[in-house]
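S.K.: Provided herewith: start_23.cif, mmCIF, C-alpha atoms.
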```
data_run
#
loop_
_atom_site.label_atom_id
_atom_site.label_comp_id
_atom_site.auth_asym_id
_atom_site.auth_seq_id
_atom_site.Cartn_x
_atom_site.Cartn_y
_atom_site.Cartn_z
CA MET A 374 37.17 80.52 -29.98
CA SER A 375 40.91 80.30 -30.16
CA LYS A 376 42.86 79.09 -27.18
CA ASN A 377 43.37 81.49 -24.35
CA GLU A 378 44.54 80.68 -20.85
CA THR A 379 41.72 82.73 -19.32
CA GLY A 380 39.04 81.46 -21.69
CA GLU A 381 37.58 78.48 -19.81
CA VAL A 382 33.84 78.27 -20.53
CA ARG A 383 31.42 76.32 -18.41
CA GLN A 384 28.76 74.26 -20.10
CA GLY A 385 25.89 76.34 -18.73
CA THR A 386 27.53 79.49 -20.05
CA LEU A 387 27.95 77.95 -23.49
CA ALA A 388 24.27 76.96 -23.51
CA LEU A 389 23.34 80.57 -22.81
CA MET A 390 25.59 81.73 -25.63
CA VAL A 391 23.94 79.26 -27.99
CA LEU A 392 20.45 80.49 -27.04
CA LYS A 393 21.47 84.12 -27.47
CA THR A 394 23.10 83.38 -30.83
CA LEU A 395 20.00 81.61 -32.12
CA GLU A 396 17.84 84.47 -30.91
CA GLY A 397 19.93 86.89 -32.95
CA MET A 398 20.51 84.76 -36.05
CA GLY A 399 17.33 82.74 -36.27
CA THR A 400 17.74 79.22 -37.63
CA GLN A 401 21.36 78.14 -37.82
CA HIS A 402 23.49 74.95 -38.07
CA GLY A 403 26.14 73.92 -35.54
CA TYR A 404 29.09 75.32 -37.46
CA GLY A 405 27.32 78.64 -37.97
CA ILE A 406 26.58 78.91 -34.24
CA ALA A 407 30.21 78.08 -33.39
CA ARG A 408 31.52 80.70 -35.82
CA ARG A 409 29.14 83.33 -34.49
CA ILE A 410 30.15 82.70 -30.86
CA GLU A 411 33.78 82.84 -31.98
CA GLN A 412 33.24 86.15 -33.78
CA ILE A 413 31.45 87.81 -30.89
CA SER A 414 33.87 86.65 -28.19
CA GLY A 415 36.94 87.45 -30.26
CA ASP A 416 40.01 85.63 -28.91
CA LEU A 417 38.80 85.56 -25.36
CA LEU A 418 37.24 82.08 -25.31
CA SER A 419 38.81 78.65 -25.48
CA VAL A 420 36.11 76.26 -26.60
CA ASN A 421 36.51 73.28 -28.89
CA HIS A 422 33.77 73.17 -31.49
CA GLY A 423 33.12 69.55 -30.53
CA THR A 424 31.83 70.56 -27.10
CA LEU A 425 29.02 72.50 -28.76
CA TYR A 426 27.13 69.41 -29.91
CA PRO A 427 26.40 67.87 -26.48
CA VAL A 428 25.14 71.33 -25.42
CA LEU A 429 22.89 71.56 -28.49
CA LEU A 430 21.53 68.09 -27.74
CA LYS A 431 20.85 68.98 -24.10
CA LEU A 432 18.96 72.14 -25.13
CA GLU A 433 17.01 70.13 -27.68
CA GLN A 434 16.09 67.53 -25.05
CA GLU A 435 14.88 70.30 -22.76
CA GLY A 436 12.75 71.72 -25.54
CA ALA A 437 14.63 75.04 -25.66
CA ILE A 438 15.64 74.52 -29.28
CA ALA A 439 14.26 72.44 -32.15
CA ALA A 440 16.40 70.63 -34.72
CA GLN A 441 15.71 69.80 -38.34
CA TRP A 442 17.81 68.49 -41.19
CA GLY A 443 18.19 70.86 -44.17
CA VAL A 444 20.64 72.03 -46.81
CA SER A 445 23.35 74.57 -45.98
CA GLU A 446 24.43 77.59 -48.06
CA ASN A 447 27.15 75.35 -49.58
CA ASN A 448 24.55 72.81 -50.66
CA ARG A 449 25.56 70.38 -47.92
CA LYS A 450 23.21 68.45 -45.73
CA ALA A 451 23.27 69.96 -42.22
CA LYS A 452 21.21 69.96 -39.05
CA PHE A 453 19.59 73.32 -38.36
CA TYR A 454 18.61 74.57 -34.91
CA THR A 455 15.85 77.05 -34.06
CA LEU A 456 14.99 78.71 -30.75
CA THR A 457 11.57 77.59 -29.47
CA LYS A 458 9.07 79.53 -27.38
CA ALA A 459 10.29 77.68 -24.28
CA GLY A 460 13.85 78.53 -25.31
CA ARG A 461 13.02 82.26 -25.45
CA LYS A 462 11.58 82.07 -21.95
CA LEU A 463 14.62 80.17 -20.73
CA LEU A 464 16.93 82.73 -22.33
CA ALA A 465 15.08 85.63 -20.70
CA ALA A 466 15.22 83.94 -17.28
CA GLU A 467 18.90 83.03 -17.60
CA ALA A 468 19.75 86.55 -18.83
CA ARG A 469 18.07 88.03 -15.74
CA LYS A 470 20.06 85.70 -13.49
CA TRP A 471 23.31 86.65 -15.18
CA GLN A 472 22.49 90.30 -14.92
CA GLN A 473 21.83 89.99 -11.20
CA SER A 474 24.95 87.93 -10.59
CA THR A 475 27.23 90.30 -12.46
CA GLU A 476 25.73 93.32 -10.69
CA ILE A 477 26.29 91.75 -7.29
CA ILE A 478 29.86 90.74 -8.11
CA ALA A 479 30.53 94.19 -9.58
CA ARG A 480 29.36 95.80 -6.34
CA PHE A 481 31.69 93.62 -4.31
CA PHE A 482 34.65 94.49 -6.47
CA SER A 483 33.93 98.21 -6.41
CA PHE A 484 33.45 98.06 -2.62
CA SER A 485 36.77 96.21 -2.08
CA GLY A 486 38.56 98.70 -4.32
CA SER A 487 37.34 101.81 -2.49
CA SER A 488 38.09 100.41 1.00
CA ARG A 489 41.84 100.03 0.36
CA MET B 870 9.07 69.92 -16.14
CA LYS B 871 12.20 70.71 -18.14
CA ALA B 872 14.18 68.07 -16.24
CA LEU B 873 11.37 65.55 -16.62
CA ARG B 874 11.16 66.16 -20.34
CA ARG B 875 14.91 65.71 -20.66
CA LEU B 876 14.84 62.53 -18.56
CA TRP B 877 12.15 61.12 -20.85
CA ARG B 878 14.10 62.04 -23.98
CA ARG B 879 17.25 60.46 -22.56
CA LEU B 880 15.35 57.31 -21.66
CA ALA B 881 13.96 57.16 -25.18
CA GLY B 882 17.46 57.80 -26.52
CA THR B 883 18.72 54.83 -24.52
CA ILE B 884 16.18 52.47 -26.00
CA VAL B 885 15.89 53.82 -29.56
CA THR B 886 19.39 54.01 -31.02
CA LYS B 887 18.79 53.21 -34.69
CA GLY B 888 20.14 55.85 -37.06
CA ILE B 889 21.29 58.24 -34.33
CA GLU B 890 24.99 57.38 -34.64
CA ASP B 891 24.85 57.91 -38.43
CA GLU B 892 23.12 61.27 -37.93
CA LEU B 893 25.76 62.36 -35.43
CA SER B 894 28.60 61.33 -37.77
CA ALA B 895 26.92 63.17 -40.66
CA GLU B 896 26.47 66.33 -38.59
CA ILE B 897 30.09 66.33 -37.41
CA GLU B 898 31.34 65.63 -40.92
CA ALA B 899 29.28 68.56 -42.27
CA HIS B 900 30.82 70.76 -39.56
CA LEU B 901 34.37 69.64 -40.42
CA GLN B 902 33.82 70.12 -44.14
CA ALA B 903 32.47 73.63 -43.63
CA GLN B 904 35.45 74.49 -41.42
CA THR B 905 37.87 72.91 -43.94
CA GLU B 906 36.38 74.97 -46.77
CA ASP B 907 36.71 78.16 -44.72
CA ASN B 908 40.34 77.26 -43.96
CA MET B 909 41.01 76.67 -47.67
CA ARG B 910 39.47 80.02 -48.52
CA ALA B 911 41.90 81.49 -45.98
CA GLY B 912 44.73 80.04 -48.09
CA MET B 913 45.52 76.70 -46.48
CA PRO B 914 46.24 73.60 -48.60
CA VAL B 915 43.55 70.88 -48.43
CA ALA B 916 45.37 68.55 -46.03
CA GLN B 917 46.36 71.35 -43.68
CA ALA B 918 42.86 72.84 -43.81
CA ARG B 919 41.34 69.51 -42.84
CA ARG B 920 43.89 69.00 -40.07
CA ALA B 921 43.26 72.49 -38.69
CA ALA B 922 39.50 71.84 -38.75
CA LEU B 923 40.01 68.62 -36.76
CA VAL B 924 42.21 70.45 -34.24
CA LYS B 925 39.64 73.19 -33.77
CA PHE B 926 36.90 70.60 -33.36
CA GLY B 927 38.92 69.10 -30.49
CA GLY B 928 38.73 65.35 -31.03
CA VAL B 929 35.84 63.80 -32.92
CA GLU B 930 35.59 60.62 -30.86
CA SER B 931 35.72 62.54 -27.58
CA ALA B 932 32.90 64.83 -28.78
CA LYS B 933 30.86 61.81 -29.89
CA GLU B 934 31.34 60.18 -26.50
CA GLN B 935 30.18 63.34 -24.70
CA TYR B 936 27.21 63.51 -27.06
CA ARG B 937 26.30 59.86 -26.34
CA ASP B 938 26.46 60.48 -22.59
CA GLU B 939 24.03 63.38 -22.98
CA ARG B 940 21.74 61.44 -25.29
CA ARG B 941 21.38 58.38 -23.07
CA LEU B 942 21.13 57.50 -19.40
CA PRO B 943 24.47 55.71 -18.91
CA PRO B 944 23.35 53.39 -16.05
CA ILE B 945 20.23 52.33 -17.97
CA ASP B 946 22.30 52.01 -21.11
CA THR B 947 24.69 49.62 -19.36
CA LEU B 948 21.72 47.64 -18.08
CA VAL B 949 20.18 47.43 -21.56
CA GLN B 950 23.52 46.32 -23.00
CA ASP B 951 23.85 43.65 -20.32
CA LEU B 952 20.30 42.45 -20.99
CA ARG B 953 20.95 42.27 -24.72
CA PHE B 954 24.14 40.34 -24.11
CA ALA B 955 22.33 37.99 -21.71
CA LEU B 956 19.52 37.36 -24.20
CA ARG B 957 22.00 36.73 -27.00
CA SER B 958 23.91 34.30 -24.80
CA CYS B 959 20.67 32.51 -23.86
CA GLY B 960 19.77 32.22 -27.54
CA ASN B 961 23.18 30.76 -28.39
CA ARG B 962 23.00 28.04 -25.72
CA PRO B 963 19.31 27.24 -25.16
CA ALA B 964 19.83 23.92 -23.33
CA PHE B 965 22.24 25.44 -20.83
CA SER B 966 19.91 28.42 -20.37
CA ALA B 967 16.96 26.12 -19.70
CA VAL B 968 18.97 24.25 -17.03
CA VAL B 969 19.98 27.56 -15.40
CA VAL B 970 16.41 28.89 -15.42
CA LEU B 971 15.08 25.62 -14.01
CA SER B 972 17.74 25.56 -11.29
CA LEU B 973 16.94 29.13 -10.33
CA ALA B 974 13.20 28.42 -10.33
CA ILE B 975 13.64 25.38 -8.09
CA GLY B 976 16.05 27.24 -5.80
CA ILE B 977 13.76 30.26 -5.45
CA GLY B 978 10.72 28.02 -4.98
CA ILE B 979 12.37 26.01 -2.21
CA ASN B 980 13.61 29.13 -0.45
CA THR B 981 10.20 30.78 -0.68
CA THR B 982 8.53 27.68 0.73
CA ILE B 983 11.00 27.44 3.62
CA PHE B 984 10.72 31.12 4.43
CA THR B 985 6.91 31.03 4.25
CA TRP B 986 6.92 28.09 6.63
CA LEU B 987 9.39 29.74 9.01
CA LYS B 988 7.37 32.96 8.93
CA ALA B 989 4.15 31.14 9.66
CA VAL B 990 5.59 28.94 12.39
CA TYR B 991 8.18 31.14 14.09
CA LEU B 992 7.80 34.76 13.07
CA ASN B 993 4.06 35.28 12.93
CA PRO B 994 2.31 32.07 13.87
CA LEU B 995 -1.08 33.50 14.88
CA PRO B 996 -1.90 36.95 13.54
CA GLY B 997 -3.57 39.19 16.11
CA VAL B 998 -2.63 37.00 19.03
CA THR B 999 -0.40 38.47 21.72
CA ASP B 1000 2.86 36.61 22.31
CA ALA B 1001 1.78 33.60 20.27
CA ARG B 1002 5.03 31.75 20.99
CA ARG B 1003 3.85 31.08 24.52
CA LEU B 1004 0.83 29.17 23.28
CA VAL B 1005 1.23 25.42 23.46
CA THR B 1006 -1.11 22.62 22.44
CA ILE B 1007 -1.56 19.89 24.99
CA ASN B 1008 -2.37 16.43 23.73
CA ALA B 1009 -3.49 13.26 25.38
CA ALA B 1010 -1.11 10.29 25.46
CA TYR B 1011 -2.27 6.70 25.70
CA LYS B 1012 -0.35 3.49 25.86
CA PHE B 1013 -1.01 2.90 22.16
CA GLY B 1014 0.19 6.34 21.11
CA ASP B 1015 0.03 10.05 21.70
CA GLY B 1016 -1.05 13.26 19.93
CA TYR B 1017 -4.74 12.82 20.65
CA SER B 1018 -7.18 15.54 21.60
CA ASN B 1019 -8.53 15.66 25.14
CA SER B 1020 -12.04 15.23 26.40
CA TYR B 1021 -14.13 18.21 27.43
CA GLN B 1022 -14.17 16.87 30.96
CA ASP B 1023 -10.35 16.92 30.99
CA PHE B 1024 -10.46 20.52 29.86
CA VAL B 1025 -12.84 21.53 32.64
CA TYR B 1026 -10.76 19.68 35.24
CA ILE B 1027 -7.42 21.09 34.12
CA ARG B 1028 -8.87 24.58 33.75
CA ASP B 1029 -10.29 24.53 37.26
CA HIS B 1030 -7.42 22.79 39.07
CA SER B 1031 -4.11 23.49 37.37
CA ARG B 1032 -2.09 26.53 38.45
CA LEU B 1033 0.74 25.84 35.99
CA PHE B 1034 -0.63 27.87 33.11
CA ALA B 1035 -1.68 31.45 32.58
CA GLY B 1036 -4.74 30.12 30.85
CA LEU B 1037 -6.24 27.12 29.09
CA PHE B 1038 -8.83 27.11 26.37
CA ALA B 1039 -10.46 24.48 24.21
CA HIS B 1040 -11.33 24.78 20.54
CA GLU B 1041 -12.60 22.66 17.72
CA MET B 1042 -12.98 23.65 14.08
CA GLU B 1043 -16.39 23.00 12.60
CA THR B 1044 -18.20 23.52 9.34
CA LEU B 1045 -21.19 25.74 10.06
CA ALA B 1046 -24.21 26.78 8.05
CA VAL B 1047 -25.02 30.45 8.51
CA SER B 1048 -28.45 31.53 7.36
CA ASP B 1049 -30.50 34.71 7.27
CA GLY B 1050 -33.73 32.72 6.91
CA LYS B 1051 -33.78 32.95 3.11
CA SER B 1052 -30.47 31.47 2.09
CA ALA B 1053 -27.65 29.68 3.84
CA GLU B 1054 -23.93 29.89 3.52
CA MET B 1055 -21.38 27.29 4.49
CA THR B 1056 -18.50 28.60 6.54
CA MET B 1057 -15.80 27.37 8.84
CA GLY B 1058 -16.21 28.13 12.48
CA GLY B 1059 -14.67 27.24 15.75
CA ILE B 1060 -16.43 25.91 18.80
CA VAL B 1061 -14.41 27.40 21.61
CA SER B 1062 -14.40 27.74 25.37
CA GLY B 1063 -15.55 30.98 26.95
CA ASN B 1064 -12.06 32.15 27.89
CA TYR B 1065 -10.88 31.83 24.28
CA PHE B 1066 -10.25 35.53 23.54
CA ASP B 1067 -8.94 36.17 27.04
CA VAL B 1068 -6.21 33.55 26.71
CA LEU B 1069 -5.37 34.59 23.12
CA ASN B 1070 -5.40 38.21 24.27
CA THR B 1071 -6.87 39.30 20.96
CA ASN B 1072 -8.46 42.64 20.25
CA ILE B 1073 -12.10 42.61 19.22
CA ALA B 1074 -12.84 45.26 16.59
CA ILE B 1075 -16.55 45.69 17.29
CA GLY B 1076 -18.60 44.43 20.21
CA ARG B 1077 -17.09 41.96 22.62
CA GLY B 1078 -15.63 38.48 22.81
CA PHE B 1079 -16.94 35.66 24.97
CA ARG B 1080 -17.20 35.92 28.71
CA PRO B 1081 -15.67 33.05 30.70
CA GLU B 1082 -18.99 32.12 32.23
CA GLU B 1083 -20.74 31.90 28.89
CA ASP B 1084 -19.69 28.31 28.32
CA ARG B 1085 -20.97 26.95 31.63
CA VAL B 1086 -24.61 26.29 30.84
CA SER B 1087 -25.66 24.85 27.53
CA ASP B 1088 -27.86 27.18 25.41
CA ARG B 1089 -28.06 29.85 28.09
CA ASP B 1090 -25.50 32.35 26.75
CA ALA B 1091 -25.09 31.23 23.17
CA VAL B 1092 -22.88 33.86 21.58
CA ILE B 1093 -21.16 34.06 18.20
CA VAL B 1094 -18.23 36.25 17.24
CA LEU B 1095 -17.81 36.86 13.54
CA GLY B 1096 -14.43 37.23 11.88
CA ASP B 1097 -13.61 39.07 8.66
CA GLY B 1098 -13.18 35.84 6.71
CA GLY B 1099 -9.40 35.77 6.91
CA TYR B 1100 -7.71 32.69 8.28
CA GLY B 1101 -8.15 32.84 12.02
CA ALA B 1102 -8.92 36.54 11.75
CA VAL B 1103 -10.98 38.21 14.39
CA ASP B 1104 -10.16 41.77 13.42
CA LEU B 1105 -13.71 42.58 12.53
CA ALA B 1106 -16.06 40.88 14.88
CA LEU B 1107 -19.67 41.20 15.80
CA THR B 1108 -21.66 39.52 18.43
CA ALA B 1109 -25.02 38.05 17.77
CA ILE B 1110 -27.25 35.87 19.78
CA PHE B 1111 -28.29 32.63 18.22
CA SER B 1112 -31.57 31.21 19.08
CA ALA B 1113 -31.74 28.58 21.72
CA LYS B 1114 -34.49 26.42 20.48
CA GLU B 1115 -35.55 23.06 21.66
CA SER B 1116 -34.43 21.38 18.46
CA SER B 1117 -31.04 19.73 18.33
CA SER B 1118 -29.72 21.84 15.45
CA THR B 1119 -28.21 25.22 16.19
CA ARG B 1120 -29.64 27.98 14.03
CA PHE B 1121 -27.97 31.35 13.75
CA ARG B 1122 -30.23 34.34 13.32
CA LEU B 1123 -28.19 37.06 11.66
CA PRO B 1124 -29.01 40.31 9.92
CA SER B 1125 -28.45 39.89 6.19
CA SER B 1126 -25.84 42.67 6.15
CA VAL B 1127 -23.64 40.50 8.29
CA LEU B 1128 -23.67 37.54 5.96
CA PRO B 1129 -20.64 38.43 3.85
CA LEU B 1130 -18.61 38.09 7.01
CA HIS B 1131 -17.75 34.57 7.91
CA ALA B 1132 -18.68 33.17 11.25
CA SER B 1133 -15.17 32.43 12.30
CA TRP B 1134 -15.63 31.47 15.88
CA ALA B 1135 -18.81 30.30 17.40
CA SER B 1136 -19.48 29.92 21.07
CA THR B 1137 -18.99 27.28 23.09
CA ALA B 1138 -22.03 26.81 24.79
CA ALA B 1139 -22.44 24.75 21.67
CA PHE B 1140 -19.98 22.23 23.03
CA GLY B 1141 -22.74 20.69 24.91
CA ARG B 1142 -25.38 21.59 22.39
CA ILE B 1143 -23.83 20.12 19.27
CA PHE B 1144 -21.72 17.29 20.58
CA GLY B 1145 -22.91 16.77 24.11
CA PHE B 1146 -20.40 17.34 26.88
CA ARG B 1147 -19.68 13.68 27.38
CA CYS B 1148 -18.44 12.92 23.89
CA THR B 1149 -16.71 16.13 22.91
CA TRP B 1150 -12.98 15.96 22.18
CA PRO B 1151 -11.73 19.47 21.57
CA ARG B 1152 -8.08 20.45 21.21
CA HIS B 1153 -6.64 22.26 24.20
CA LEU B 1154 -4.23 25.16 24.10
CA ILE B 1155 -2.50 26.63 27.08
CA ARG B 1156 -0.70 29.90 27.54
CA ILE B 1157 2.48 29.32 29.49
CA THR B 1158 2.98 31.59 32.46
CA ARG B 1159 5.87 33.94 31.89
CA ILE B 1160 8.81 32.94 34.06
CA ARG B 1161 10.13 35.99 35.86
#
```
Would you encode the structure as structure tokens?
M.R.:
Amino acid sequence: MSKNETGEVRQGTLALMVLKTLEGMGTQHGYGIARRIEQISGDLLSVNHGTLYPVLLKLEQEGAIAAQWGVSENNRKAKFYTLTKAGRKLLAAEARKWQQSTEIIARFFSFSGSSR
Amino acid sequence: MKALRRLWRRLAGTIVTKGIEDELSAEIEAHLQAQTEDNMRAGMPVAQARRAALVKFGGVESAKEQYRDERRLPPIDTLVQDLRFALRSCGNRPAFSAVVVLSLAIGIGINTTIFTWLKAVYLNPLPGVTDARRLVTINAAYKFGDGYSNSYQDFVYIRDHSRLFAGLFAHEMETLAVSDGKSAEMTMGGIVSGNYFDVLNTNIAIGRGFRPEEDRVSDRDAVIVLGDGGYGAVDLALTAIFSAKESSSTRFRLPSSVLPLHASWASTAAFGRIFGFRCTWPRHLIRITRIR
């Protein structure tokens, strides 16, 4: 998640990334989620780690994830997040929407390219 | 459902705040420490590692503020803060607060009284009556004073001879005993002239009102119209004949199912029956003719 002039991330997109990360990793704390998103996106995203916490709270309020205090791998107290059943449903629905949107946009771009 | 759940959680987060700030600080600190340790493992000195972690986090206070905005409902939060401040201020200066509360109570009370009076007198003086502002009471004036009710004979004369008014009716409130033969109930009623409902131009919910000729001959057309018990209400009305017996007391014969209703307005053949035409002094109301 290093800075990149093209790497603006909207809050809804970040929420989807968080859900997908938790689906893949299981229970994870905030720092672990941030690192994972950073690793997967490489240097393409520009997101401050601090913006992750309001997103985690929003997802928790919606019941998509559950939070519980525990002890991290470094023996530090940390808050751990887990994807809930509702969260899995939400992730599936959001993934479908993204898929549709990207397909539609892709068609437009391919159409514009061939008409030149 | 998702939005509702979140709204509820945010509302709860606005009211219950204990321990949440400490938890948030602890979570952020754990994040920064983990990042700092990773930076140190990458070869940074402690101070630089910590600084780099803070930079990557992007402003702790800003993140906390965003978190608080998500956790609470800001408008409700402001309201709660204002209320807390107000209560604290009241507690600090109880005498001043008491004076303020008393002043407000008196002010509101006076305003409510004035508005209620204005509403009753000017805005909605007689519920159910058409164009009630054109109804005027006429009183008798004597050399020793005025504001007196008129005699029944005056009513009959004015009704039959004056062309100044759209209508004139007479009425007198009376306490009546309504009985089904087994038990009796005391109720307020009005002894009124036969054109009463015509001049008021009031709708009768069930049955009919009085006919103008029904107050001409004593005991002949004795009719009662029952109201729904509300003040002056004739929304729900029934007609029933009361028995015209030889005795001087008027007895109403009503089905028992009707009893919960109050006999709001009784007929006026009873003017003669109860008081005798010669000594009856009802109040007179006229409806002013609309000037075109």
S.K.: With 6 Å as the limit and counting all atoms listed in the file, what residues in chain B lie close to chain A? Please list them as an NGL selection string.
M.R.: :B and (871 or 875 or 878 or 900 or 925-927 or 932 or 936)
S.K.: Tell me which residues come within 6 Å of (-16.5, 30.3, 28.8), as a ChimeraX atom specification, counting all atoms listed in the file in the file's coordinates.
M.R.: /B:1062-1064,1080-1084
S.K.: Emit the selected residues as a short mmCIF file (atom, residue, chain, number, x, y, z; two decimals), in the frame of the given file, including C-alpha atoms.
M.R.:
```cif
data_model
loop_
_atom_site.label_atom_id
_atom_site.label_comp_id
_atom_site.auth_asym_id
_atom_site.auth_seq_id
_atom_site.Cartn_x
_atom_site.Cartn_y
_atom_site.Cartn_z
CA SER B 1062 -14.40 27.74 25.37
CA GLY B 1063 -15.55 30.98 26.95
CA ASN B 1064 -12.06 32.15 27.89
CA ARG B 1080 -17.20 35.92 28.71
CA PRO B 1081 -15.67 33.05 30.70
CA GLU B 1082 -18.99 32.12 32.23
CA GLU B 1083 -20.74 31.90 28.89
CA ASP B 1084 -19.69 28.31 28.32
#
```
S.K.: Distance atom CA of Gly415 of chain A-atom CA of Gln904 of chain B, one decimal place?
M.R.: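 Distance between the two atoms: 17.2 Å.
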S.K.: Find the residue from B:Met913, B:Ile897, B:Val969, B:Ala918 that sits nearest to Glu930 of chain B; use only C-alpha atoms when measuring.
M.R.: B:Ile897
S.K.: At a cut-off of 10 Å around the point (12.9, 80.6, -31.9) (file coordinates), what residues fall inside when counting all atoms listed in the file? I'd like the answer as a compact mmCIF listing (two decimals) with C-alpha atoms, keeping the file's coordinate frame.
M.R.:
```txt
# COMPACT_ATOMS: atom_id res chain seq x y z
CA LEU A 392 20.45 80.49 -27.04
CA LEU A 395 20.00 81.61 -32.12
CA GLU A 396 17.84 84.47 -30.91
CA GLY A 397 19.93 86.89 -32.95
CA MET A 398 20.51 84.76 -36.05
CA GLY A 399 17.33 82.74 -36.27
CA THR A 400 17.74 79.22 -37.63
CA ALA A 437 14.63 75.04 -25.66
CA ILE A 438 15.64 74.52 -29.28
CA ALA A 439 14.26 72.44 -32.15
CA TYR A 454 18.61 74.57 -34.91
CA THR A 455 15.85 77.05 -34.06
CA LEU A 456 14.99 78.71 -30.75
CA THR A 457 11.57 77.59 -29.47
CA LYS A 458 9.07 79.53 -27.38
CA ALA A 459 10.29 77.68 -24.28
CA GLY A 460 13.85 78.53 -25.31
CA ARG A 461 13.02 82.26 -25.45
```
S.K.: In Å, how far is it from atom CA of Ile478 of chain A to atom CA of Ala388 of chain A?
M.R.: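 Pair atom CA of Ile478 of chain A / atom CA of Ala388 of chain A returns 21.4 Å.
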S.K.: In Å to one decimal, how far is atom CA of Leu463 of chain A from atom CA of Lys393 of chain A?
M.R.: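 Taking atom CA of Lys393 of chain A as the start and atom CA of Leu463 of chain A as the end point, the length is 10.4 Å.
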S.K.: Draw an axis-aligned box tight on the listed atoms of segment 889-904 of chain B, then pad every side by 5 Å and write out centre and edge lengths in Å to one decimal as lines of an AutoDock Vina configuration file.
M.R.:
```
center_x = 28.4
center_y = 65.9
center_z = -39.2
size_x = 24.2
size_y = 27.1
size_z = 19.8
```
S.K.: Applying 10 Å and all atoms listed in the file, which residues near Val1025 of chain B remain after dropping the ones on its own chain fewer than 4 positions away? List them as JSON, numbers by chain.
M.R.: {"B": [1020, 1021, 1029, 1030, 1037, 1038, 1039, 1062, 1085]}
S.K.: To verify the selection step, state as a list in words which residues the PyMOL selection byres ((chain B and resi 882-890) around 7) yields on this input.
M.R.: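 That expression, the PyMOL selection byres ((chain B and resi 882-890) around 7), corresponds here to Arg878, Arg879, Leu880, Ala881, Asp891, Glu892, Leu893, Ser894, Arg940, Arg941, Leu942 and Asp946 of chain B.
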S.K.: Can you work out which one of A:Ser483, A:Ala440, A:Leu387, A:Gln473 has the shortest atom-to-atom distance to Ser414 of chain A, counting all atoms listed in the file?
M.R.: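 The answer is A:Leu387, which sits nearest to Ser414 of chain A.
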S.K.: I need the residue nearest Ala903 of chain B from this list: A:Glu476, A:Ala466, A:Asn448, A:Arg409. Use all atoms listed in the file for the distance.
M.R.: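 Of A:Glu476, A:Ala466, A:Asn448, A:Arg409, the one nearest Ala903 of chain B, counting all atoms listed in the file, is A:Asn448.
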S.K.: Would you output segment 459-478 of chain A from that structure, restricted to C-alpha atoms, as a CSV table (one decimal), in the first residue's frame?
M.R.:
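selection19.csv, written as the output of this step:
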```csv
chain,number,residue,atom,x,y,z
A,459,ALA,CA,-23.6,-12.7,6.7
A,460,GLY,CA,-20.2,-11.5,5.6
A,461,ARG,CA,-19.7,-14.4,3.3
A,462,LYS,CA,-23.1,-13.7,1.7
A,463,LEU,CA,-22.2,-10.0,1.3
A,464,LEU,CA,-18.8,-10.9,-0.2
A,465,ALA,CA,-20.4,-13.2,-2.8
A,466,ALA,CA,-23.0,-10.6,-3.7
A,467,GLU,CA,-20.4,-7.8,-4.0
A,468,ALA,CA,-18.1,-10.1,-6.0
A,469,ARG,CA,-20.9,-10.7,-8.5
A,470,LYS,CA,-21.6,-7.0,-8.8
A,471,TRP,CA,-17.9,-6.3,-9.4
A,472,GLN,CA,-17.7,-9.0,-12.0
A,473,GLN,CA,-20.7,-7.6,-13.9
A,474,SER,CA,-19.4,-4.1,-13.7
A,475,THR,CA,-15.9,-5.0,-14.9
A,476,GLU,CA,-17.3,-7.1,-17.8
A,477,ILE,CA,-19.6,-4.2,-18.9
A,478,ILE,CA,-16.8,-1.7,-18.8
```
